[in-house]
$ cat entry-v6.txt   # compact mmCIF, C-alpha atoms
# COMPACT_ATOMS: atom_id res chain seq x y z
CA MET A 542 -26.46 -5.89 -13.30
CA MET A 543 -23.19 -4.16 -12.42
CA GLU A 544 -21.33 -2.42 -15.22
CA ASN A 545 -17.72 -3.51 -15.80
CA GLN A 546 -18.37 -6.63 -13.74
CA TYR A 547 -15.25 -8.56 -12.83
CA ILE A 548 -15.11 -12.05 -14.26
CA PRO A 549 -12.50 -14.23 -12.54
CA PRO A 550 -10.02 -15.83 -14.92
CA LYS A 551 -9.59 -19.59 -15.07
CA VAL A 552 -6.23 -19.25 -13.28
CA TRP A 553 -5.52 -16.41 -10.85
CA THR A 554 -2.33 -14.38 -11.17
CA HIS A 555 -0.90 -11.85 -8.73
CA ASP A 556 -1.44 -8.23 -9.80
CA ALA A 557 0.34 -6.13 -7.16
CA GLU A 558 -0.69 -2.89 -8.87
CA SER A 559 -4.35 -3.49 -8.02
CA GLY A 560 -3.73 -3.88 -4.30
CA GLY A 561 -3.97 -0.23 -3.25
CA LYS A 562 -2.11 1.41 -0.38
CA TRP A 563 -0.96 -1.79 1.33
CA ALA A 564 -0.19 -3.85 -1.78
CA SER A 565 3.41 -4.39 -0.68
CA VAL A 566 2.32 -5.97 2.62
CA ASN A 567 0.89 -9.14 1.10
CA ARG A 568 2.22 -11.69 -1.37
CA PRO A 569 0.94 -15.11 -2.48
CA VAL A 570 4.15 -16.76 -1.27
CA SER A 571 6.01 -16.84 2.03
CA GLY A 572 9.67 -16.59 2.95
CA ALA A 573 12.39 -13.95 3.05
CA THR A 574 13.02 -11.48 0.24
CA HIS A 575 16.33 -10.20 1.57
CA GLU A 576 19.04 -10.96 4.09
CA LYS A 577 19.03 -8.82 7.20
CA GLU A 578 19.55 -9.64 10.85
CA LEU A 579 17.24 -8.23 13.50
CA PRO A 580 18.64 -5.85 16.11
CA VAL A 581 18.83 -7.13 19.68
CA GLY A 582 18.70 -4.73 22.63
CA LYS A 583 19.92 -5.11 26.19
CA HIS A 584 16.75 -6.53 27.74
CA ALA A 585 15.61 -10.15 27.88
CA LEU A 586 12.35 -9.31 26.10
CA GLN A 587 12.66 -8.23 22.47
CA LEU A 588 9.66 -7.08 20.44
CA TYR A 589 9.64 -6.58 16.67
CA SER A 590 6.51 -4.71 15.70
CA MET A 591 4.72 -1.64 14.39
CA GLY A 592 2.11 0.54 16.10
CA THR A 593 -0.89 -0.94 14.31
CA PRO A 594 -3.78 -2.32 16.39
CA ASN A 595 -2.12 -5.74 16.51
CA GLY A 596 1.17 -4.17 17.53
CA GLN A 597 -0.44 -2.01 20.22
CA LYS A 598 -1.79 -5.11 21.95
CA VAL A 599 1.68 -6.27 22.93
CA THR A 600 3.19 -2.91 23.87
CA ILE A 601 0.16 -2.14 26.05
CA MET A 602 0.56 -5.57 27.67
CA LEU A 603 4.23 -4.96 28.38
CA GLU A 604 3.51 -1.54 29.87
CA GLU A 605 0.75 -3.04 32.04
CA LEU A 606 3.24 -5.62 33.32
CA LEU A 607 5.71 -2.87 34.19
CA ALA A 608 2.94 -0.91 35.94
CA LEU A 609 2.25 -4.01 38.04
CA GLY A 610 5.89 -4.08 39.13
CA LYS A 611 6.90 -7.05 36.99
CA ASP A 612 10.41 -7.48 35.62
CA ALA A 613 9.23 -6.95 32.06
CA GLU A 614 11.61 -4.35 30.66
CA TYR A 615 11.80 -4.66 26.91
CA ASP A 616 13.20 -3.33 23.67
CA ALA A 617 10.66 -2.61 20.92
CA HIS A 618 12.12 -2.44 17.43
CA MET A 619 10.21 -0.90 14.54
CA ILE A 620 9.28 -3.25 11.69
CA ASN A 621 8.03 -1.04 8.88
CA ILE A 622 5.61 -3.30 7.05
CA GLY A 623 5.08 -0.73 4.29
CA GLU A 624 8.76 -1.05 3.42
CA GLY A 625 8.87 -4.85 3.65
CA ASP A 626 10.88 -5.19 6.88
CA GLN A 627 8.74 -8.23 7.76
CA PHE A 628 10.25 -10.11 4.84
CA SER A 629 13.84 -9.91 6.11
CA SER A 630 15.59 -13.20 6.84
CA GLY A 631 15.87 -12.27 10.51
CA PHE A 632 12.17 -11.58 10.89
CA VAL A 633 11.11 -14.68 8.94
CA ASP A 634 13.30 -16.75 11.27
CA ILE A 635 11.11 -15.77 14.24
CA ASN A 636 7.81 -15.55 12.35
CA PRO A 637 7.55 -17.58 9.13
CA ASN A 638 4.18 -15.90 8.52
CA SER A 639 5.87 -12.45 8.14
CA LYS A 640 3.29 -10.57 10.20
CA ILE A 641 3.84 -8.26 13.15
CA PRO A 642 4.16 -8.53 16.07
CA ALA A 643 6.88 -11.09 16.76
CA PHE A 644 8.65 -11.58 20.06
CA VAL A 645 11.73 -13.24 21.52
CA ASP A 646 12.32 -14.02 25.21
CA TYR A 647 16.01 -14.49 25.99
CA SER A 648 15.55 -15.09 29.71
CA GLY A 649 15.74 -18.89 29.52
CA ALA A 650 18.45 -21.34 28.55
CA GLU A 651 17.34 -21.05 24.93
CA PRO A 652 15.58 -18.11 23.25
CA GLU A 653 11.81 -18.53 23.04
CA THR A 654 10.21 -17.13 19.88
CA VAL A 655 6.52 -16.22 19.95
CA PHE A 656 4.36 -14.90 17.13
CA GLU A 657 0.68 -14.02 16.68
CA SER A 658 -0.48 -11.31 19.06
CA ALA A 659 -2.87 -13.56 20.99
CA SER A 660 -0.11 -16.09 21.55
CA ILE A 661 2.22 -13.35 22.82
CA LEU A 662 -0.45 -12.04 25.22
CA VAL A 663 -1.10 -15.51 26.64
CA TYR A 664 2.64 -16.23 26.87
CA LEU A 665 3.30 -13.02 28.83
CA ALA A 666 0.23 -13.45 31.05
CA GLU A 667 1.31 -16.96 32.01
CA ARG A 668 4.99 -16.07 32.36
CA PHE A 669 4.22 -13.25 34.80
CA GLY A 670 1.05 -14.70 36.37
CA VAL A 671 -1.26 -11.73 35.79
CA LEU A 672 -4.16 -10.54 33.59
CA LEU A 673 -5.32 -14.11 32.92
CA PRO A 674 -7.06 -16.16 35.62
CA GLU A 675 -5.18 -19.37 36.38
CA GLU A 676 -8.17 -21.70 36.15
CA GLY A 677 -11.93 -22.08 36.10
CA SER A 678 -14.78 -20.20 34.46
CA LYS A 679 -13.09 -16.80 34.57
CA ARG A 680 -10.16 -18.15 32.57
CA THR A 681 -12.54 -19.70 30.05
CA GLN A 682 -14.39 -16.41 29.62
CA VAL A 683 -11.14 -14.54 28.94
CA PHE A 684 -10.25 -17.09 26.26
CA ASN A 685 -13.76 -16.89 24.79
CA TRP A 686 -13.44 -13.15 24.24
CA LEU A 687 -9.77 -13.21 23.29
CA PHE A 688 -10.52 -15.61 20.44
CA TRP A 689 -13.72 -13.74 19.58
CA LEU A 690 -11.53 -10.72 18.92
CA HIS A 691 -9.08 -12.69 16.81
CA GLY A 692 -11.93 -14.06 14.73
CA SER A 693 -13.63 -10.68 14.44
CA ALA A 694 -10.77 -8.22 13.87
CA PRO A 695 -9.97 -9.45 10.33
CA TYR A 696 -13.49 -8.40 9.31
CA LEU A 697 -12.84 -4.96 10.77
CA GLY A 698 -9.28 -4.42 9.53
CA GLY A 699 -8.95 -6.58 6.46
CA GLY A 700 -12.58 -6.18 5.48
CA PHE A 701 -14.19 -2.90 6.51
CA GLY A 702 -10.99 -0.90 6.93
CA HIS A 703 -9.52 -2.10 3.66
CA PHE A 704 -12.54 -1.43 1.46
CA TYR A 705 -13.73 1.73 3.24
CA ALA A 706 -10.37 3.46 3.73
CA TYR A 707 -7.60 1.83 1.70
CA ALA A 708 -8.89 0.15 -1.46
CA PRO A 709 -8.01 2.01 -4.69
CA GLU A 710 -11.72 2.10 -5.61
CA LYS A 711 -14.91 2.21 -3.55
CA PHE A 712 -17.05 -0.90 -4.03
CA GLU A 713 -20.56 -0.61 -2.61
CA TYR A 714 -21.07 -4.34 -2.19
CA ALA A 715 -17.82 -4.85 -0.25
CA ILE A 716 -18.30 -1.78 1.94
CA ASN A 717 -21.89 -2.74 2.75
CA ARG A 718 -20.90 -6.34 3.49
CA PHE A 719 -18.16 -5.46 5.95
CA THR A 720 -20.00 -2.48 7.46
CA MET A 721 -22.84 -4.80 8.39
CA GLU A 722 -20.44 -7.24 10.02
CA THR A 723 -18.54 -4.49 11.87
CA LYS A 724 -21.77 -3.06 13.29
CA ARG A 725 -22.91 -6.53 14.29
CA GLN A 726 -19.66 -7.04 16.17
CA LEU A 727 -20.02 -3.65 17.87
CA ASP A 728 -23.51 -4.68 18.93
CA VAL A 729 -22.21 -7.98 20.35
CA LEU A 730 -19.57 -6.07 22.30
CA ASP A 731 -22.02 -3.41 23.47
CA LYS A 732 -24.41 -6.01 24.88
CA GLN A 733 -21.57 -7.80 26.67
CA LEU A 734 -20.31 -4.56 28.19
CA ALA A 735 -23.82 -3.61 29.29
CA LYS A 736 -23.57 -6.51 31.75
CA ASN A 737 -19.88 -6.32 32.64
CA GLN A 738 -17.33 -3.70 33.57
CA PHE A 739 -14.73 -5.38 31.38
CA ILE A 740 -15.12 -7.64 28.38
CA ALA A 741 -14.71 -10.99 30.13
CA GLY A 742 -16.35 -9.99 33.41
CA ASP A 743 -15.41 -7.87 36.39
CA GLU A 744 -11.63 -8.07 35.95
CA TYR A 745 -9.36 -6.32 33.46
CA SER A 746 -7.61 -8.95 31.35
CA ILE A 747 -5.79 -9.75 28.13
CA ALA A 748 -9.24 -9.84 26.47
CA ASP A 749 -9.51 -6.07 27.01
CA ILE A 750 -5.90 -5.50 25.97
CA ALA A 751 -6.46 -7.41 22.73
CA THR A 752 -9.77 -5.75 21.89
CA TRP A 753 -9.15 -2.10 22.74
CA PRO A 754 -6.66 -1.31 19.93
CA TRP A 755 -9.27 -2.43 17.39
CA TYR A 756 -12.71 -1.53 18.74
CA GLY A 757 -11.65 1.05 21.32
CA ASN A 758 -9.75 3.05 18.74
CA LEU A 759 -12.64 2.65 16.32
CA VAL A 760 -15.36 4.06 18.58
CA LEU A 761 -13.07 6.86 19.80
CA GLY A 762 -12.67 8.02 16.20
CA ASN A 763 -9.02 7.05 15.87
CA GLN A 764 -9.40 4.54 13.07
CA TYR A 765 -10.45 4.75 9.40
CA GLU A 766 -12.18 8.15 9.91
CA ALA A 767 -15.41 6.18 10.10
CA LYS A 768 -16.91 7.44 13.36
CA ASP A 769 -19.94 9.09 11.75
CA PHE A 770 -20.36 6.46 9.05
CA LEU A 771 -20.62 3.68 11.64
CA GLN A 772 -22.61 5.80 14.15
CA VAL A 773 -20.26 4.65 16.89
CA ASP A 774 -21.83 6.94 19.50
CA ASP A 775 -24.83 4.59 19.52
CA TYR A 776 -22.71 1.95 21.26
CA THR A 777 -22.77 3.61 24.66
CA HIS A 778 -21.35 0.72 26.66
CA VAL A 779 -18.44 0.28 24.24
CA GLN A 780 -17.83 4.03 24.51
CA ARG A 781 -17.75 3.84 28.32
CA TRP A 782 -15.33 0.93 28.23
CA ALA A 783 -13.09 2.46 25.52
CA LYS A 784 -12.67 5.70 27.47
CA ALA A 785 -11.95 3.86 30.72
CA ILE A 786 -9.26 1.73 29.08
CA LEU A 787 -7.66 4.77 27.42
CA ALA A 788 -7.44 6.46 30.83
CA ARG A 789 -5.05 3.74 32.04
CA PRO A 790 -1.47 5.08 32.10
CA ALA A 791 -0.08 1.84 30.66
CA VAL A 792 -2.42 2.11 27.69
CA GLN A 793 -1.37 5.70 27.06
CA ARG A 794 2.24 4.55 27.13
CA GLY A 795 1.91 1.39 25.10
CA ARG A 796 -0.19 2.86 22.33
CA ILE A 797 2.60 5.17 21.13
CA VAL A 798 5.38 2.56 20.85
CA ASN A 799 6.61 1.65 17.33
CA ARG A 800 4.32 4.34 15.97
CA THR A 801 5.31 6.95 13.37
CA HIS A 802 2.02 8.74 12.69
CA GLY A 803 -0.28 11.07 14.60
CA GLU A 804 0.69 13.91 16.91
CA GLU A 805 4.34 14.26 17.93
CA TRP A 806 3.47 13.07 21.44
CA GLU A 807 1.98 9.88 19.96
CA GLN A 808 5.09 8.75 18.08
CA LEU A 809 7.94 6.63 19.37
CA GLU A 810 9.64 4.64 16.62
CA ASN A 811 11.76 2.45 18.90
CA ARG A 812 11.59 1.91 22.65
CA HIS A 813 14.53 0.83 24.81
CA SER A 814 13.66 2.30 28.22
CA ALA A 815 10.83 3.90 30.15
CA THR A 816 12.40 7.31 29.66
CA ASP A 817 11.97 6.97 25.89
CA ILE A 818 8.20 7.02 26.43
CA ASP A 819 8.39 9.70 29.12
CA LYS A 820 10.14 12.10 26.74
CA VAL A 821 7.53 11.67 24.01
CA LEU A 822 4.52 11.96 26.33
CA ALA A 823 6.03 15.14 27.81
CA LEU A 824 5.44 16.79 24.42
CA LYS A 825 1.66 16.56 24.88
CA PRO A 826 0.08 20.00 25.39
CA GLU A 827 -1.39 20.64 28.83

$ encode --input "entry-v6.txt" --output "structure tokens"
Amino acid sequence: MMENQYIPPKVWTHDAESGGKWASVNRPVSGATHEKELPVGKHALQLYSMGTPNGQKVTIMLEELLALGKDAEYDAHMINIGEGDQFSSGFVDINPNSKIPAFVDYSGAEPETVFESASILVYLAERFGVLLPEEGSKRTQVFNWLFWLHGSAPYLGGGFGHFYAYAPEKFEYAINRFTMETKRQLDVLDKQLAKNQFIAGDEYSIADIATWPWYGNLVLGNQYEAKDFLQVDDYTHVQRWAKAILARPAVQRGRIVNRTHGEEWEQLENRHSATDIDKVLALKPE
């Protein structure tokens, strides 16, 4: 029997003080808390995000499009979720769920708003005709693994990451529960990558772009300081894949956008042109 066991009350009430580091990110209600318009840059594509794993998906995608010669220039505006920027009236107008990333395409007759990172990836892949097969089994496999990631990542971020790294107290039951699920997911991914160069087969796709910021960063030791705890070196095929994806220039560029932590050459708060990224990456020691 656990000491000081929590007994749920008859009616739940919101206690923000018990939420730990990211308590301000979540509320039991939706909607704007303050009036503020979003900035709009000079390009047709406008991203409002932060350099979390979900944010990195979209900036990596945009940089991959540019590397492929597509007309995908964009402005990326920092939304500091720790300070509640996602609850501004402008942000809620384009994403009523108040989660990053959110995206607006001004290239058409009317602005197109897109939210949820998977939706943005599919939208961009279809708009530019790359990184997602147009039909058939290969397309189905990309969607299988794209939605696998979006069903799995909450266990990694909201479950394992929260209780292992961010919760105000360490709870053995919660950490064990989500560690088991995280390792199971790594095993699923490792077995898939033992048979395939990329996650959905022999072609790089939005399934890889969606998955790398979560599981690639994790096995490379860039997330939650949990590399030893999770024994990530055991997942040799995931390691091979994670390193290969990181070697892509577009990934190196996209991963630093809307980011304000890490080394100085990994931080670019806002991005308005390719030279913004060039200047930051030039700070990396030889």

$ residues_near_point --input "entry-v6.txt" --point "(7.7, -13.2, 5.0)" --cutoff "8 Å" --atoms "only C-alpha atoms" --output "list in words"
Ser571, Gly572, Ala573, Thr574, Gln627, Phe628, Ser629, Phe632, Val633, Asn636, Pro637, Asn638, Ser639 and Lys640 of chain A

$ atom_distance --input "entry-v6.txt" --atom1 "CA of Glu713 in chain A" --atom2 "CA of Gln726 in chain A"
19.9 Å

$ atom_distance --input "entry-v6.txt" --atom1 "CA of Arg794 in chain A" --atom2 "CA of Ser746 in chain A"
17.2 Å

$ closest_residue --input "entry-v6.txt" --among "A:Lys711, A:His555, A:His618, A:His691" --to "Arg812 in chain A" --atoms "only C-alpha atoms"
A:His618

$ closest_residue --input "entry-v6.txt" --among "A:Leu697, A:Ala751, A:Val570, A:Val729" --to "Gly596 in chain A" --atoms "only C-alpha atoms"
A:Ala751

$ closest_residue --input "entry-v6.txt" --among "A:Ser590, A:Leu809, A:Phe669, A:Ile620" --to "Ala643 in chain A" --atoms "all atoms listed in the file"
A:Ser590

$ residues_around --input "entry-v6.txt" --residues "Thr720 in chain A" --least-positions-apart "4" --cutoff "10 Å" --atoms "all atoms listed in the file" --output "PDB file with C-alpha atoms, keeping the file's coordinate frame"
ATOM      1  CA  TYR A 696     -13.490  -8.400   9.310  1.00  0.00           C
ATOM      2  CA  LEU A 697     -12.840  -4.960  10.770  1.00  0.00           C
ATOM      3  CA  GLY A 700     -12.580  -6.180   5.480  1.00  0.00           C
ATOM      4  CA  PHE A 701     -14.190  -2.900   6.510  1.00  0.00           C
ATOM      5  CA  GLY A 702     -10.990  -0.900   6.930  1.00  0.00           C
ATOM      6  CA  PHE A 704     -12.540  -1.430   1.460  1.00  0.00           C
ATOM      7  CA  TYR A 705     -13.730   1.730   3.240  1.00  0.00           C
ATOM      8  CA  TYR A 714     -21.070  -4.340  -2.190  1.00  0.00           C
ATOM      9  CA  ALA A 715     -17.820  -4.850  -0.250  1.00  0.00           C
ATOM     10  CA  ILE A 716     -18.300  -1.780   1.940  1.00  0.00           C
ATOM     11  CA  LYS A 724     -21.770  -3.060  13.290  1.00  0.00           C
ATOM     12  CA  ARG A 725     -22.910  -6.530  14.290  1.00  0.00           C
ATOM     13  CA  GLN A 726     -19.660  -7.040  16.170  1.00  0.00           C
ATOM     14  CA  PHE A 770     -20.360   6.460   9.050  1.00  0.00           C
ATOM     15  CA  LEU A 771     -20.620   3.680  11.640  1.00  0.00           C
TER      16      LEU A 771
END

$ closest_residue --input "entry-v6.txt" --among "A:Leu727, A:Gln733, A:Pro652, A:Trp755" --to "Gly698 in chain A" --atoms "only C-alpha atoms"
A:Trp755

$ atom_distance --input "entry-v6.txt" --atom1 "CA of Ile641 in chain A" --atom2 "CA of Tyr589 in chain A"
7.0 Å

$ decode --input "entry-v6.txt" --residues "range 731-743 of chain A" --atoms "all heavy atoms" --output "CSV table (one decimal), in the first residue's frame"
chain,number,residue,atom,x,y,z
A,731,ASP,N,12.4,-0.2,-34.2
A,731,ASP,CA,13.7,-0.9,-34.5
A,731,ASP,C,13.4,-2.0,-35.4
A,731,ASP,O,14.2,-2.2,-36.4
A,731,ASP,CB,14.3,-1.3,-33.2
A,731,ASP,CG,15.8,-1.6,-33.4
A,731,ASP,OD1,16.6,-0.7,-33.7
A,731,ASP,OD2,16.2,-2.8,-33.1
A,732,LYS,N,12.4,-2.8,-35.2
A,732,LYS,CA,12.1,-3.9,-36.1
A,732,LYS,C,11.7,-3.5,-37.5
A,732,LYS,O,12.0,-4.1,-38.5
A,732,LYS,CB,11.0,-4.8,-35.4
A,732,LYS,CG,11.6,-5.6,-34.2
A,732,LYS,CD,10.5,-6.3,-33.4
A,732,LYS,CE,11.1,-7.1,-32.3
A,732,LYS,NZ,10.1,-7.7,-31.4
A,733,GLN,N,10.9,-2.4,-37.5
A,733,GLN,CA,10.6,-1.8,-38.9
A,733,GLN,C,11.8,-1.4,-39.6
A,733,GLN,O,11.9,-1.6,-40.8
A,733,GLN,CB,9.6,-0.7,-38.7
A,733,GLN,CG,9.2,0.0,-40.0
A,733,GLN,CD,8.4,-0.8,-40.9
A,733,GLN,OE1,8.0,-2.0,-40.6
A,733,GLN,NE2,8.1,-0.3,-42.1
A,734,LEU,N,12.7,-0.7,-38.9
A,734,LEU,CA,13.9,-0.2,-39.6
A,734,LEU,C,14.9,-1.3,-39.9
A,734,LEU,O,15.9,-1.0,-40.6
A,734,LEU,CB,14.5,1.0,-38.8
A,734,LEU,CG,13.7,2.3,-38.8
A,734,LEU,CD1,14.1,3.2,-37.7
A,734,LEU,CD2,13.8,2.9,-40.2
A,735,ALA,N,14.8,-2.4,-39.3
A,735,ALA,CA,15.7,-3.5,-39.6
A,735,ALA,C,15.4,-4.0,-41.0
A,735,ALA,O,16.3,-4.6,-41.7
A,735,ALA,CB,15.5,-4.7,-38.6
A,736,LYS,N,14.2,-3.8,-41.5
A,736,LYS,CA,13.7,-4.3,-42.8
A,736,LYS,C,13.7,-3.2,-43.9
A,736,LYS,O,13.5,-3.5,-45.0
A,736,LYS,CB,12.3,-4.9,-42.7
A,736,LYS,CG,12.2,-6.1,-41.7
A,736,LYS,CD,10.8,-6.6,-41.6
A,736,LYS,CE,9.9,-5.6,-41.0
A,736,LYS,NZ,8.5,-6.1,-40.9
A,737,ASN,N,13.8,-1.9,-43.4
A,737,ASN,CA,13.6,-0.8,-44.4
A,737,ASN,C,14.7,0.3,-44.1
A,737,ASN,O,15.0,0.5,-42.9
A,737,ASN,CB,12.2,-0.2,-44.2
A,737,ASN,CG,11.1,-1.2,-44.5
A,737,ASN,OD1,10.8,-1.5,-45.6
A,737,ASN,ND2,10.6,-1.8,-43.4
A,738,GLN,N,15.1,0.9,-45.2
A,738,GLN,CA,16.0,2.1,-45.0
A,738,GLN,C,15.3,3.2,-44.3
A,738,GLN,O,15.9,3.9,-43.4
A,738,GLN,CB,16.5,2.5,-46.4
A,738,GLN,CG,17.5,3.7,-46.3
A,738,GLN,CD,18.0,4.1,-47.6
A,738,GLN,OE1,17.6,3.6,-48.7
A,738,GLN,NE2,18.9,5.1,-47.6
A,739,PHE,N,14.1,3.5,-44.6
A,739,PHE,CA,13.3,4.5,-44.0
A,739,PHE,C,12.1,3.9,-43.3
A,739,PHE,O,11.8,2.8,-43.5
A,739,PHE,CB,12.9,5.6,-45.0
A,739,PHE,CG,14.1,6.3,-45.6
A,739,PHE,CD1,14.5,6.0,-47.0
A,739,PHE,CD2,14.9,7.2,-44.9
A,739,PHE,CE1,15.6,6.6,-47.5
A,739,PHE,CE2,16.0,7.8,-45.5
A,739,PHE,CZ,16.3,7.5,-46.8
A,740,ILE,N,11.4,4.7,-42.6
A,740,ILE,CA,10.3,4.2,-41.8
A,740,ILE,C,9.2,3.5,-42.6
A,740,ILE,O,8.8,2.4,-42.3
A,740,ILE,CB,9.7,5.3,-40.9
A,740,ILE,CG1,10.7,5.6,-39.8
A,740,ILE,CG2,8.4,4.8,-40.2
A,740,ILE,CD1,10.3,6.7,-38.9
A,741,ALA,N,8.8,4.1,-43.7
A,741,ALA,CA,7.7,3.6,-44.5
A,741,ALA,C,8.1,2.8,-45.7
A,741,ALA,O,7.3,2.4,-46.5
A,741,ALA,CB,6.8,4.7,-44.9
A,742,GLY,N,9.4,2.5,-45.8
A,742,GLY,CA,9.9,1.7,-46.9
A,742,GLY,C,11.3,2.2,-47.4
A,742,GLY,O,12.2,2.6,-46.6
A,743,ASP,N,11.5,2.2,-48.7
A,743,ASP,CA,12.8,2.6,-49.3
A,743,ASP,C,12.9,4.1,-49.7
A,743,ASP,O,13.8,4.5,-50.3
A,743,ASP,CB,13.1,1.7,-50.5
A,743,ASP,CG,12.0,1.8,-51.6
A,743,ASP,OD1,11.0,2.5,-51.4
A,743,ASP,OD2,12.2,1.1,-52.6
